[in-house]
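**Student:** My structure file final_18.cif, mmCIF, C-alpha atoms, is below:
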```cif
data_final
#
loop_
_atom_site.group_PDB
_atom_site.id
_atom_site.type_symbol
_atom_site.label_atom_id
_atom_site.label_comp_id
_atom_site.auth_asym_id
_atom_site.auth_seq_id
_atom_site.Cartn_x
_atom_site.Cartn_y
_atom_site.Cartn_z
ATOM 1 C CA MET T 910 11.583 8.741 12.599
ATOM 2 C CA LYS T 911 9.330 5.969 13.854
ATOM 3 C CA CYS T 912 8.899 2.771 11.888
ATOM 4 C CA VAL T 913 5.398 2.481 10.397
ATOM 5 C CA ARG T 914 5.532 -1.249 11.197
ATOM 6 C CA CYS T 915 6.779 -1.513 14.763
ATOM 7 C CA GLY T 916 7.096 2.052 16.088
ATOM 8 C CA PHE T 917 10.852 1.773 16.740
ATOM 9 C CA GLU T 918 12.666 5.113 16.603
ATOM 10 C CA ASN T 919 15.188 4.999 13.730
ATOM 11 C CA LEU T 920 17.740 7.469 12.469
ATOM 12 C CA GLN T 921 16.778 9.529 9.428
ATOM 13 C CA ASP T 922 19.194 7.786 7.025
ATOM 14 C CA ASP T 923 18.702 4.159 8.123
ATOM 15 C CA PRO T 924 18.086 1.892 5.097
ATOM 16 C CA ALA T 925 15.766 -0.312 7.201
ATOM 17 C CA CYS T 926 14.229 -0.406 10.657
ATOM 18 C CA GLY T 927 16.804 -1.423 13.245
ATOM 19 C CA ALA T 928 14.221 -3.431 15.181
ATOM 20 C CA CYS T 929 11.991 -5.194 12.642
ATOM 21 C CA THR T 930 13.995 -4.792 9.358
ATOM 22 C CA TRP T 931 11.119 -3.054 7.508
ATOM 23 C CA PRO T 932 12.840 -1.465 4.461
ATOM 24 C CA TYR T 933 13.183 2.263 3.820
ATOM 25 C CA SER T 934 15.229 1.746 0.625
ATOM 26 C CA ARG T 935 14.783 -0.552 -2.354
ATOM 27 C CA ASN T 936 18.056 -2.383 -1.628
ATOM 28 C CA ALA T 937 16.873 -3.134 1.911
ATOM 29 C CA TRP T 938 14.133 -5.392 0.482
ATOM 30 C CA LYS T 939 16.883 -7.932 -0.225
ATOM 31 C CA ARG T 940 17.809 -8.099 3.484
ATOM 32 C CA THR T 941 14.468 -7.751 5.256
ATOM 33 C CA THR T 942 12.759 -10.581 7.103
ATOM 34 C CA TYR T 943 9.479 -9.519 5.468
ATOM 35 C CA GLN T 944 8.136 -10.968 2.241
ATOM 36 C CA ILE T 945 5.906 -8.792 0.095
ATOM 37 C CA ARG T 946 2.467 -10.299 0.450
ATOM 38 C CA ARG T 947 -0.354 -7.780 0.991
ATOM 39 C CA ILE T 948 -0.869 -5.377 -1.908
ATOM 40 C CA THR T 949 -3.331 -2.487 -1.723
ATOM 41 C CA LEU T 950 -4.680 -1.478 -5.116
ATOM 42 C CA ASP T 951 -5.544 2.143 -5.796
ATOM 43 C CA THR T 952 -8.827 2.833 -7.583
ATOM 44 C CA GLY T 953 -7.129 3.234 -10.978
ATOM 45 C CA CYS T 954 -5.737 -0.305 -10.723
ATOM 46 C CA ILE T 955 -9.092 -2.014 -11.120
ATOM 47 C CA ASN T 956 -8.230 -4.035 -14.211
ATOM 48 C CA ALA T 957 -11.799 -4.895 -15.247
ATOM 49 C CA LYS T 958 -10.956 -5.433 -18.934
ATOM 50 C CA GLN T 959 -7.678 -7.297 -18.225
ATOM 51 C CA LEU T 960 -5.787 -4.904 -20.536
ATOM 52 C CA ASP T 961 -2.830 -4.120 -18.264
ATOM 53 C CA GLN T 962 -0.185 -6.861 -18.413
ATOM 54 C CA ASP T 963 1.437 -5.903 -15.109
ATOM 55 C CA LEU T 964 -1.889 -5.950 -13.270
ATOM 56 C CA ASN T 965 -2.641 -9.272 -14.998
ATOM 57 C CA ALA T 966 0.635 -10.636 -13.578
ATOM 58 C CA LEU T 967 -0.259 -9.436 -10.079
ATOM 59 C CA GLU T 968 -3.691 -11.048 -10.377
ATOM 60 C CA ARG T 969 -2.104 -14.287 -11.593
ATOM 61 C CA TRP T 970 0.296 -14.331 -8.628
ATOM 62 C CA ALA T 971 -2.620 -13.604 -6.303
ATOM 63 C CA SER T 972 -4.668 -16.476 -7.734
ATOM 64 C CA SER T 973 -1.696 -18.810 -7.168
ATOM 65 C CA GLY T 974 -1.509 -17.692 -3.516
ATOM 66 C CA ASN T 975 1.724 -15.676 -3.693
ATOM 67 C CA LEU T 976 0.023 -12.327 -3.016
ATOM 68 C CA GLU T 977 -3.151 -10.911 -1.524
ATOM 69 C CA LEU T 978 -4.693 -8.081 -3.533
ATOM 70 C CA GLN T 979 -6.750 -5.825 -1.298
ATOM 71 C CA ARG T 980 -8.775 -2.645 -1.480
ATOM 72 C CA SER T 981 -9.474 -0.031 1.122
ATOM 73 C CA SER T 982 -12.981 0.475 2.443
ATOM 74 C CA ALA T 983 -12.955 3.901 0.746
ATOM 75 C CA MET T 984 -12.578 2.444 -2.755
ATOM 76 C CA LEU T 985 -16.226 1.596 -3.371
ATOM 77 C CA GLU T 986 -17.236 5.146 -2.392
ATOM 78 C CA GLU T 987 -14.982 6.557 -5.110
ATOM 79 C CA LEU T 988 -15.306 3.960 -7.869
ATOM 80 C CA LYS T 989 -17.674 4.393 -10.800
ATOM 81 C CA GLY T 990 -18.862 1.939 -13.444
ATOM 82 C CA GLU T 991 -20.732 -1.311 -12.874
ATOM 83 C CA THR T 992 -17.983 -3.577 -14.253
ATOM 84 C CA ARG T 993 -15.252 -1.835 -12.270
ATOM 85 C CA VAL T 994 -17.316 -1.924 -9.047
ATOM 86 C CA ALA T 995 -17.972 -5.655 -9.527
ATOM 87 C CA LYS T 996 -14.250 -6.268 -10.064
ATOM 88 C CA ALA T 997 -13.383 -4.214 -6.967
ATOM 89 C CA LYS T 998 -15.879 -6.186 -4.878
ATOM 90 C CA SER T 999 -14.078 -9.383 -5.912
ATOM 91 C CA LEU T 1000 -10.897 -8.141 -4.197
ATOM 92 C CA GLY T 1001 -10.165 -8.785 -0.569
ATOM 93 C CA VAL T 1002 -10.689 -5.903 1.815
ATOM 94 C CA HIS T 1003 -8.182 -4.695 4.346
ATOM 95 C CA PRO T 1004 -8.323 -6.690 7.570
ATOM 96 C CA ASN T 1005 -10.159 -5.245 10.548
ATOM 97 C CA LEU T 1006 -8.109 -3.512 13.193
ATOM 98 C CA PHE T 1007 -7.601 -5.418 16.443
ATOM 99 C CA THR T 1008 -9.909 -4.103 19.156
ATOM 100 C CA ILE T 1009 -9.297 -4.872 22.843
ATOM 101 C CA GLY T 1010 -12.252 -6.677 24.346
ATOM 102 C CA VAL T 1011 -13.699 -7.530 20.933
ATOM 103 C CA SER T 1012 -11.016 -9.183 18.774
ATOM 104 C CA VAL T 1013 -9.403 -12.526 19.560
ATOM 105 C CA LEU T 1014 -5.691 -13.265 19.527
ATOM 106 C CA ASP T 1015 -4.627 -15.082 16.358
ATOM 107 C CA GLY T 1016 -7.851 -13.839 14.746
ATOM 108 C CA PRO T 1017 -8.042 -11.987 11.428
ATOM 109 C CA GLY T 1018 -7.654 -8.512 12.955
ATOM 110 C CA VAL T 1019 -4.342 -6.652 12.745
ATOM 111 C CA LEU T 1020 -2.801 -4.219 15.191
ATOM 112 C CA ALA T 1021 -3.361 -0.684 13.984
ATOM 113 C CA GLY T 1022 -0.480 1.130 12.392
ATOM 114 C CA PRO T 1023 -0.069 4.874 12.850
ATOM 115 C CA ASP T 1024 -2.827 7.216 11.731
ATOM 116 C CA LEU T 1025 -0.953 9.540 9.387
ATOM 117 C CA PHE T 1026 -3.712 11.479 7.614
ATOM 118 C CA GLU T 1027 -2.142 14.920 8.127
ATOM 119 C CA ASP T 1028 1.385 13.654 7.359
ATOM 120 C CA LEU T 1029 0.201 11.962 4.156
ATOM 121 C CA GLN T 1030 -1.775 15.035 3.159
ATOM 122 C CA GLN T 1031 1.371 17.142 3.563
ATOM 123 C CA ILE T 1032 3.477 14.717 1.483
ATOM 124 C CA LEU T 1033 0.939 14.191 -1.320
ATOM 125 C CA PHE T 1034 -0.581 17.665 -1.540
ATOM 126 C CA PRO T 1035 1.760 20.136 0.189
ATOM 127 C CA THR T 1036 0.346 23.234 -1.492
ATOM 128 C CA ALA T 1037 -3.371 22.437 -1.194
ATOM 129 C CA ASN T 1038 -5.256 24.728 1.165
ATOM 130 C CA ALA T 1039 -8.254 22.408 1.173
ATOM 131 C CA LEU T 1040 -8.320 18.947 -0.374
ATOM 132 C CA THR T 1041 -10.583 18.194 -3.326
ATOM 133 C CA GLY T 1042 -12.765 15.087 -3.120
ATOM 134 C CA ASN T 1043 -10.296 13.057 -5.214
ATOM 135 C CA GLN T 1044 -7.341 14.238 -3.134
ATOM 136 C CA ARG T 1045 -9.152 13.272 0.069
ATOM 137 C CA PHE T 1046 -9.779 9.774 -1.354
ATOM 138 C CA ASP T 1047 -6.096 9.472 -2.309
ATOM 139 C CA VAL T 1048 -5.001 10.319 1.223
ATOM 140 C CA GLU T 1049 -7.637 8.022 2.744
ATOM 141 C CA HIS T 1050 -6.651 5.018 0.572
ATOM 142 C CA LEU T 1051 -3.006 5.416 1.584
ATOM 143 C CA ARG T 1052 -3.885 6.078 5.245
ATOM 144 C CA LEU T 1053 -5.924 2.861 5.449
ATOM 145 C CA HIS T 1054 -3.117 0.955 3.729
ATOM 146 C CA VAL T 1055 -0.703 2.079 6.478
ATOM 147 C CA ARG T 1056 -3.202 1.547 9.329
ATOM 148 C CA THR T 1057 -3.867 -2.047 8.271
ATOM 149 C CA GLY T 1058 -0.210 -2.928 7.650
ATOM 150 C CA GLY T 1059 -0.250 -3.362 3.878
ATOM 151 C CA ASP T 1060 3.114 -4.048 2.252
ATOM 152 C CA ILE T 1061 2.913 -2.156 -1.059
ATOM 153 C CA PHE T 1062 0.400 0.402 -2.322
ATOM 154 C CA VAL T 1063 0.013 0.098 -6.112
ATOM 155 C CA THR T 1064 -1.177 3.039 -8.182
ATOM 156 C CA MET T 1065 -1.461 4.151 -11.769
ATOM 157 C CA ASN T 1066 -1.704 7.765 -10.590
ATOM 158 C CA PRO T 1067 1.918 8.958 -10.605
ATOM 159 C CA ASN T 1068 0.951 12.642 -10.370
ATOM 160 C CA ASP T 1069 -0.542 12.257 -6.898
ATOM 161 C CA PHE T 1070 1.636 9.490 -5.446
ATOM 162 C CA ILE T 1071 4.991 9.186 -7.227
ATOM 163 C CA THR T 1072 6.259 12.313 -8.992
ATOM 164 C CA ARG T 1073 7.935 15.391 -7.489
ATOM 165 C CA GLY T 1074 9.732 13.304 -4.863
ATOM 166 C CA ARG T 1075 6.588 11.850 -3.287
ATOM 167 C CA GLN T 1076 7.560 8.219 -3.848
ATOM 168 C CA ALA T 1077 11.021 8.732 -2.344
ATOM 169 C CA THR T 1078 9.658 10.679 0.625
ATOM 170 C CA LEU T 1079 7.076 7.975 1.364
ATOM 171 C CA ALA T 1080 9.687 5.186 1.034
ATOM 172 C CA SER T 1081 12.006 7.016 3.411
ATOM 173 C CA VAL T 1082 9.399 6.561 6.145
ATOM 174 C CA GLY T 1083 8.592 2.980 5.123
ATOM 175 C CA ILE T 1084 5.496 3.571 2.991
ATOM 176 C CA TRP T 1085 5.938 1.804 -0.332
ATOM 177 C CA VAL T 1086 4.033 3.215 -3.311
ATOM 178 C CA LEU T 1087 4.822 1.654 -6.684
ATOM 179 C CA SER T 1088 3.338 1.506 -10.148
ATOM 180 C CA PRO T 1089 2.205 -1.958 -11.288
ATOM 181 C CA ALA T 1090 5.308 -2.242 -13.519
ATOM 182 C CA GLU T 1091 7.630 -1.279 -10.649
ATOM 183 C CA LEU T 1092 6.055 -3.876 -8.357
ATOM 184 C CA VAL T 1093 6.210 -6.622 -10.990
ATOM 185 C CA GLY T 1094 9.900 -5.806 -11.541
ATOM 186 C CA LEU T 1095 10.621 -5.862 -7.799
ATOM 187 C CA LEU T 1096 8.821 -9.194 -7.295
ATOM 188 C CA LYS T 1097 10.718 -10.753 -10.205
ATOM 189 C CA GLU T 1098 14.004 -9.427 -8.816
ATOM 190 C CA LEU T 1099 13.385 -10.553 -5.235
ATOM 191 C CA TYR T 1100 11.579 -13.846 -5.736
ATOM 192 C CA GLY T 1101 12.275 -14.846 -9.346
ATOM 193 C CA TRP T 1102 8.580 -14.929 -10.237
ATOM 194 C CA GLY T 1103 7.884 -15.094 -13.952
#
```
Mind turning the file's structure into structure tokens?
**Tutor:**
Amino acid sequence: MKCVRCGFENLQDDPACGACTWPYSRNAWKRTTYQIRRITLDTGCINAKQLDQDLNALERWASSGNLELQRSSAMLEELKGETRVAKAKSLGVHPNLFTIGVSVLDGPGVLAGPDLFEDLQQILFPTANALTGNQRFDVEHLRLHVRTGGDIFVTMNPNDFITRGRQATLASVGIWVLSPAELVGLLKELYGWG
């Protein structure tokens, strides 16, 4: 399997990429050279009323500069409600992809990761003949997260992203999808944040 970060061909059971150390298992986060920094929020994680304590913690860590909370360009197409849209607009957007002849080195653009729409569709919705609108948005949010090199995708939608082995399958190829509580726990464990 190819690393979603660097493209290196790894063995199926490797706990991390042999070239860049990107983790494929939770324990490998303790040994990677990467620090969790860029967090993509799924649409359900727009915490407009500040009622979710884990999302509040992530926002607090972002305001102190420890994290960057980002949204995909597809989020505003899916999101409803004036307060939630305003909150989503306050988040950073994924960086632009580096384009030869247009982007500058050391600029804000990032090298594009793999385009895994069909692979993600198969993992998230293996029995769907045709995707519903919501399913298409789910795949697109996660696809853009991978393309722009996000570290962790955070969702409050376990049915589409976490249950029935989805989370483990995604992690095994280096795509990290966690609930807000799981991410807060991991950040506390790795970095001692309180």
**Student:** Rank T:Gln1030, T:Asn1068, T:Thr949, T:Asn965 by their smallest atom-to-atom distance to Arg1056 (chain T), using only C-alpha atoms, and report the top residue only.
**Tutor:**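 Among T:Gln1030, T:Asn1068, T:Thr949, T:Asn965, it is T:Thr949 that comes nearest to Arg1056 (chain T).
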**Student:** Ranking T:Arg980, T:Arg940, T:His1003, T:Arg1073 by minimum distance to Leu1099 (chain T) and counting all atoms listed in the file, which one comes first?
**Tutor:**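 Going through T:Arg980, T:Arg940, T:His1003, T:Arg1073 one by one, the smallest distance to Leu1099 (chain T) is for T:Arg940.
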**Student:** Selection in question (the file shown): the PyMOL selection byres ((chain T and resi 1078) around 12). Which residues does it include, as a list in words?
**Tutor:** Gln921, Asp922, Tyr933, Ser934, Asp1028, Leu1029, Gln1031, Ile1032, Leu1033, Phe1070, Ile1071, Thr1072, Arg1073, Gly1074, Arg1075, Gln1076, Ala1077, Leu1079, Ala1080, Ser1081, Val1082, Gly1083, Ile1084, Trp1085 and Val1086 of chain T
**Student:** Name every residue that the PyMOL selection byres ((chain T and resi 1059) around 10) selects in this structure, writing the answer as a PDB file with C-alpha atoms, in the frame of the given file with chains first and numbers rising.
**Tutor:**
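And here is the file that came out, out-v1.pdb:
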```
ATOM      1  CA  ARG T 914       5.532  -1.249  11.197  1.00  0.00           C
ATOM      2  CA  ILE T 945       5.906  -8.792   0.095  1.00  0.00           C
ATOM      3  CA  ARG T 946       2.467 -10.299   0.450  1.00  0.00           C
ATOM      4  CA  ARG T 947      -0.354  -7.780   0.991  1.00  0.00           C
ATOM      5  CA  ILE T 948      -0.869  -5.377  -1.908  1.00  0.00           C
ATOM      6  CA  THR T 949      -3.331  -2.487  -1.723  1.00  0.00           C
ATOM      7  CA  GLU T 977      -3.151 -10.911  -1.524  1.00  0.00           C
ATOM      8  CA  LEU T 978      -4.693  -8.081  -3.533  1.00  0.00           C
ATOM      9  CA  GLN T 979      -6.750  -5.825  -1.298  1.00  0.00           C
ATOM     10  CA  HIS T1003      -8.182  -4.695   4.346  1.00  0.00           C
ATOM     11  CA  PRO T1004      -8.323  -6.690   7.570  1.00  0.00           C
ATOM     12  CA  GLY T1022      -0.480   1.130  12.392  1.00  0.00           C
ATOM     13  CA  LEU T1051      -3.006   5.416   1.584  1.00  0.00           C
ATOM     14  CA  LEU T1053      -5.924   2.861   5.449  1.00  0.00           C
ATOM     15  CA  HIS T1054      -3.117   0.955   3.729  1.00  0.00           C
ATOM     16  CA  VAL T1055      -0.703   2.079   6.478  1.00  0.00           C
ATOM     17  CA  ARG T1056      -3.202   1.547   9.329  1.00  0.00           C
ATOM     18  CA  THR T1057      -3.867  -2.047   8.271  1.00  0.00           C
ATOM     19  CA  GLY T1058      -0.210  -2.928   7.650  1.00  0.00           C
ATOM     20  CA  ASP T1060       3.114  -4.048   2.252  1.00  0.00           C
ATOM     21  CA  ILE T1061       2.913  -2.156  -1.059  1.00  0.00           C
ATOM     22  CA  PHE T1062       0.400   0.402  -2.322  1.00  0.00           C
ATOM     23  CA  ILE T1084       5.496   3.571   2.991  1.00  0.00           C
ATOM     24  CA  TRP T1085       5.938   1.804  -0.332  1.00  0.00           C
TER      25      TRP T1085
END
```
**Student:** Pick from T:Asn1038, T:Asn1005, T:Thr992, T:Asn1043: nearest to Lys958 (chain T), with only C-alpha atoms counted?
**Tutor:** T:Thr992
